[in-house]
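Chemist: Dropping the structure in here first, questions after.
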Amino acid sequence: AIRGARSEVRKRVWEFAGASSPAAGGQVTVDIDGVLVLAHSEKQDATPTWKKTFGHHPLVAFVDHGPAGSGEPVRPGNAGSNTAIDHIETAQLALAQLPKKYRRGRRTLIRTDSAGGTHDFVAWLAQRGR
């Protein structure tokens with residue numbers, strides 16, 4: 001319900017923003033990437049990271065606002081490096097928060113760094129109708 005509400009609000013705000021909307025060109029770009037948040041003590045859900053540190057590894061998705069803007073978060077969460085299922089889940093949750101016409105087809109470009117370059121994630125992205 002919350003993702004649906006965010007989708008509807010995003011649709012209305014983007015319509016109101018007009019040429020300043022991230023969808024102004026008829027296409028939306030979603031960037032998926034992970035970051036490290038170090039914890040110096042045992043915090044809730046903190047785990048060892050691939051950099052041999054301890055903390056959180058959120059995998060986030062942002063709607064790109066182009067060179068003049070920053071990003072609009074559409075999905076936070078923890079994930080493993082090169083973990084296809086985490087990238088798929090992040091993409092699904094991000095897409096669910098976009099206006100309906102941007103959830104399928106070629107109107108949305110999903111970008112990720114090499115951690116998203118797994119066979120399973122690429123195969124999921126390339127499925128017919130997605």
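Labels used: A, B, ... for chains in the order of the structure tokens, numbers from 1 for residues in each chain, and numbers from 1 for ligands as shown.
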List as a PDB file with N, CA, C and O atoms, in the first residue's frame the protein and nucleic acid residues near Gly34 (chain A), meaning an atom at most 7 Å away when only C-alpha atoms are counted, but skip any in the same chain fewer than 3 places from it.
Modeler:
ATOM      1  N   HIS A  57      25.461  -2.774   4.749  1.00  0.00           N
ATOM      2  CA  HIS A  57      25.700  -2.652   3.308  1.00  0.00           C
ATOM      3  C   HIS A  57      24.361  -2.421   2.627  1.00  0.00           C
ATOM      4  O   HIS A  57      23.758  -3.333   2.083  1.00  0.00           O
ATOM      5  N   PRO A  58      23.856  -1.185   2.680  1.00  0.00           N
ATOM      6  CA  PRO A  58      22.581  -0.940   2.017  1.00  0.00           C
ATOM      7  C   PRO A  58      22.711  -0.963   0.497  1.00  0.00           C
ATOM      8  O   PRO A  58      23.669  -0.422  -0.052  1.00  0.00           O
ATOM      9  N   LEU A  59      21.786  -1.625  -0.135  1.00  0.00           N
ATOM     10  CA  LEU A  59      21.660  -1.595  -1.591  1.00  0.00           C
ATOM     11  C   LEU A  59      20.503  -0.642  -1.870  1.00  0.00           C
ATOM     12  O   LEU A  59      19.382  -0.882  -1.434  1.00  0.00           O
ATOM     13  N   VAL A  60      20.783   0.450  -2.543  1.00  0.00           N
ATOM     14  CA  VAL A  60      19.776   1.488  -2.726  1.00  0.00           C
ATOM     15  C   VAL A  60      19.477   1.690  -4.197  1.00  0.00           C
ATOM     16  O   VAL A  60      20.286   1.364  -5.064  1.00  0.00           O
TER      17      VAL A  60
END
Chemist: For the structure I just gave you, how does DSSP split region 63-112 of chain A - specifically, which residues are alpha helix (DSSP H)? Reply as a list of chain:residue names.
Modeler: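 These are the residues in question: A:Ala84, A:Ile85, A:Asp86, A:His87, A:Ile88, A:Glu89, A:Thr90, A:Ala91, A:Gln92, A:Leu93, A:Ala94, A:Leu95.
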Chemist: Please identify all polymer residues within 12 Å of Ala39 (chain A), counting only C-alpha atoms, omitting same-chain residues fewer than 2 positions from it, and present them as a PDB file with N, CA, C and O atoms, in the first residue's frame.
Modeler:
ATOM      1  N   LEU A  36      28.777   1.246   1.819  1.00  0.00           N
ATOM      2  CA  LEU A  36      29.127   0.716   3.131  1.00  0.00           C
ATOM      3  C   LEU A  36      28.874   1.765   4.194  1.00  0.00           C
ATOM      4  O   LEU A  36      29.257   2.924   4.034  1.00  0.00           O
ATOM      5  N   VAL A  37      28.231   1.354   5.262  1.00  0.00           N
ATOM      6  CA  VAL A  37      28.033   2.205   6.421  1.00  0.00           C
ATOM      7  C   VAL A  37      28.706   1.476   7.574  1.00  0.00           C
ATOM      8  O   VAL A  37      28.208   0.437   8.037  1.00  0.00           O
ATOM      9  N   SER A  41      30.628  -0.589  16.633  1.00  0.00           N
ATOM     10  CA  SER A  41      30.180  -1.472  17.710  1.00  0.00           C
ATOM     11  C   SER A  41      29.060  -2.337  17.157  1.00  0.00           C
ATOM     12  O   SER A  41      28.602  -2.148  16.038  1.00  0.00           O
ATOM     13  N   GLU A  42      28.609  -3.284  17.939  1.00  0.00           N
ATOM     14  CA  GLU A  42      27.560  -4.188  17.471  1.00  0.00           C
ATOM     15  C   GLU A  42      26.221  -3.476  17.420  1.00  0.00           C
ATOM     16  O   GLU A  42      25.556  -3.297  18.426  1.00  0.00           O
ATOM     17  N   LYS A  43      25.844  -3.022  16.246  1.00  0.00           N
ATOM     18  CA  LYS A  43      24.557  -2.367  16.037  1.00  0.00           C
ATOM     19  C   LYS A  43      23.568  -3.393  15.501  1.00  0.00           C
ATOM     20  O   LYS A  43      23.950  -4.430  14.966  1.00  0.00           O
ATOM     21  N   GLN A  44      22.292  -3.098  15.591  1.00  0.00           N
ATOM     22  CA  GLN A  44      21.276  -4.006  15.090  1.00  0.00           C
ATOM     23  C   GLN A  44      21.481  -4.266  13.607  1.00  0.00           C
ATOM     24  O   GLN A  44      21.642  -3.333  12.828  1.00  0.00           O
ATOM     25  N   ASP A  45      21.538  -5.521  13.225  1.00  0.00           N
ATOM     26  CA  ASP A  45      21.668  -5.992  11.842  1.00  0.00           C
ATOM     27  C   ASP A  45      23.023  -5.688  11.204  1.00  0.00           C
ATOM     28  O   ASP A  45      23.186  -5.866  10.010  1.00  0.00           O
ATOM     29  N   ALA A  46      24.007  -5.219  11.976  1.00  0.00           N
ATOM     30  CA  ALA A  46      25.340  -5.004  11.421  1.00  0.00           C
ATOM     31  C   ALA A  46      25.996  -6.360  11.181  1.00  0.00           C
ATOM     32  O   ALA A  46      25.830  -7.296  11.958  1.00  0.00           O
ATOM     33  N   THR A  47      26.723  -6.471  10.079  1.00  0.00           N
ATOM     34  CA  THR A  47      27.367  -7.731   9.697  1.00  0.00           C
ATOM     35  C   THR A  47      28.750  -7.440   9.131  1.00  0.00           C
ATOM     36  O   THR A  47      29.060  -6.312   8.771  1.00  0.00           O
ATOM     37  N   PRO A  48      29.594  -8.480   9.013  1.00  0.00           N
ATOM     38  CA  PRO A  48      30.883  -8.269   8.349  1.00  0.00           C
ATOM     39  C   PRO A  48      30.652  -7.883   6.885  1.00  0.00           C
ATOM     40  O   PRO A  48      29.718  -8.357   6.247  1.00  0.00           O
ATOM     41  N   THR A  49      31.498  -7.011   6.369  1.00  0.00           N
ATOM     42  CA  THR A  49      31.373  -6.573   4.984  1.00  0.00           C
ATOM     43  C   THR A  49      32.473  -7.211   4.142  1.00  0.00           C
ATOM     44  O   THR A  49      33.436  -7.755   4.678  1.00  0.00           O
ATOM     45  N   THR A  53      35.387  -5.097   7.069  1.00  0.00           N
ATOM     46  CA  THR A  53      34.970  -4.180   8.117  1.00  0.00           C
ATOM     47  C   THR A  53      33.682  -4.717   8.713  1.00  0.00           C
ATOM     48  O   THR A  53      33.250  -5.826   8.385  1.00  0.00           O
ATOM     49  N   PHE A  54      33.026  -3.958   9.559  1.00  0.00           N
ATOM     50  CA  PHE A  54      31.792  -4.368  10.212  1.00  0.00           C
ATOM     51  C   PHE A  54      30.797  -3.229  10.076  1.00  0.00           C
ATOM     52  O   PHE A  54      31.147  -2.070  10.283  1.00  0.00           O
ATOM     53  N   GLY A  55      29.582  -3.539   9.678  1.00  0.00           N
ATOM     54  CA  GLY A  55      28.570  -2.494   9.564  1.00  0.00           C
ATOM     55  C   GLY A  55      27.399  -2.922   8.712  1.00  0.00           C
ATOM     56  O   GLY A  55      26.964  -4.067   8.758  1.00  0.00           O
ATOM     57  N   HIS A  56      26.920  -2.007   7.914  1.00  0.00           N
ATOM     58  CA  HIS A  56      25.741  -2.230   7.075  1.00  0.00           C
ATOM     59  C   HIS A  56      26.135  -2.034   5.614  1.00  0.00           C
ATOM     60  O   HIS A  56      27.013  -1.245   5.292  1.00  0.00           O
ATOM     61  N   HIS A  57      25.461  -2.774   4.749  1.00  0.00           N
ATOM     62  CA  HIS A  57      25.700  -2.652   3.308  1.00  0.00           C
ATOM     63  C   HIS A  57      24.361  -2.421   2.627  1.00  0.00           C
ATOM     64  O   HIS A  57      23.758  -3.333   2.083  1.00  0.00           O
TER      65      HIS A  57
END
Chemist: Write out as a ChimeraX atom specification which residues come within 7 Å of His87 (chain A) when counting only C-alpha atoms, dropping same-chain ones fewer than 3 positions away.
Modeler: /A:83-84,90-91,116,121
Chemist: Please write the residues from the selection above to a file, keeping C-alpha atoms, as a PDB file, in the first residue's frame.
Modeler:
ATOM      1  CA  THR A  83      23.943 -11.138  -5.199  1.00  0.00           C
ATOM      2  CA  ALA A  84      21.427 -11.410  -8.033  1.00  0.00           C
ATOM      3  CA  THR A  90      15.704  -3.975  -5.165  1.00  0.00           C
ATOM      4  CA  ALA A  91      14.649  -3.468  -8.796  1.00  0.00           C
ATOM      5  CA  GLY A 116      24.750  -6.130 -10.758  1.00  0.00           C
ATOM      6  CA  PHE A 121      20.007 -10.372 -12.747  1.00  0.00           C
TER       7      PHE A 121
END
Chemist: For Ser21 (chain A), which of A:Gly71, A:Gly105, A:Gly4, A:Gly129 is the closest residue, counting only C-alpha atoms?
Modeler: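 Of the candidates, the smallest distance to Ser21 (chain A) is held by A:Gly71.
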Chemist: May I ask which of the residues A:Lys52, A:Phe16, A:Tyr102, A:Val35 is the closest one to Ala115 (chain A), counting only C-alpha atoms?
Modeler: A:Val35
Chemist: Hey, what's within 9 Å of region 124-126 of chain A if we count only C-alpha atoms and toss same-chain stuff fewer than 5 positions away? As a list in words, please?
Modeler: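 Non-adjacent residues within range: Ile88, Ile110 and His119 of chain A.
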Chemist: Residues within 8 Å of Arg111 (chain A), please, as a count of residues only. Count only C-alpha atoms; anything in the same chain fewer than 3 positions from it doesn't count.
Modeler: 4
Chemist: In terms of the shortest atom-to-atom distance over only C-alpha atoms, which of A:Lys11, A:Gln97, A:Glu89, A:Asp113 is closest to Ala24 (chain A)?
Modeler: A:Lys11
Chemist: May I ask for the distance between CA of Glu8 (chain A) and CA of Leu98 (chain A), given in Å to one decimal place?
Modeler: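 These two atoms are separated by 8.0 Å.
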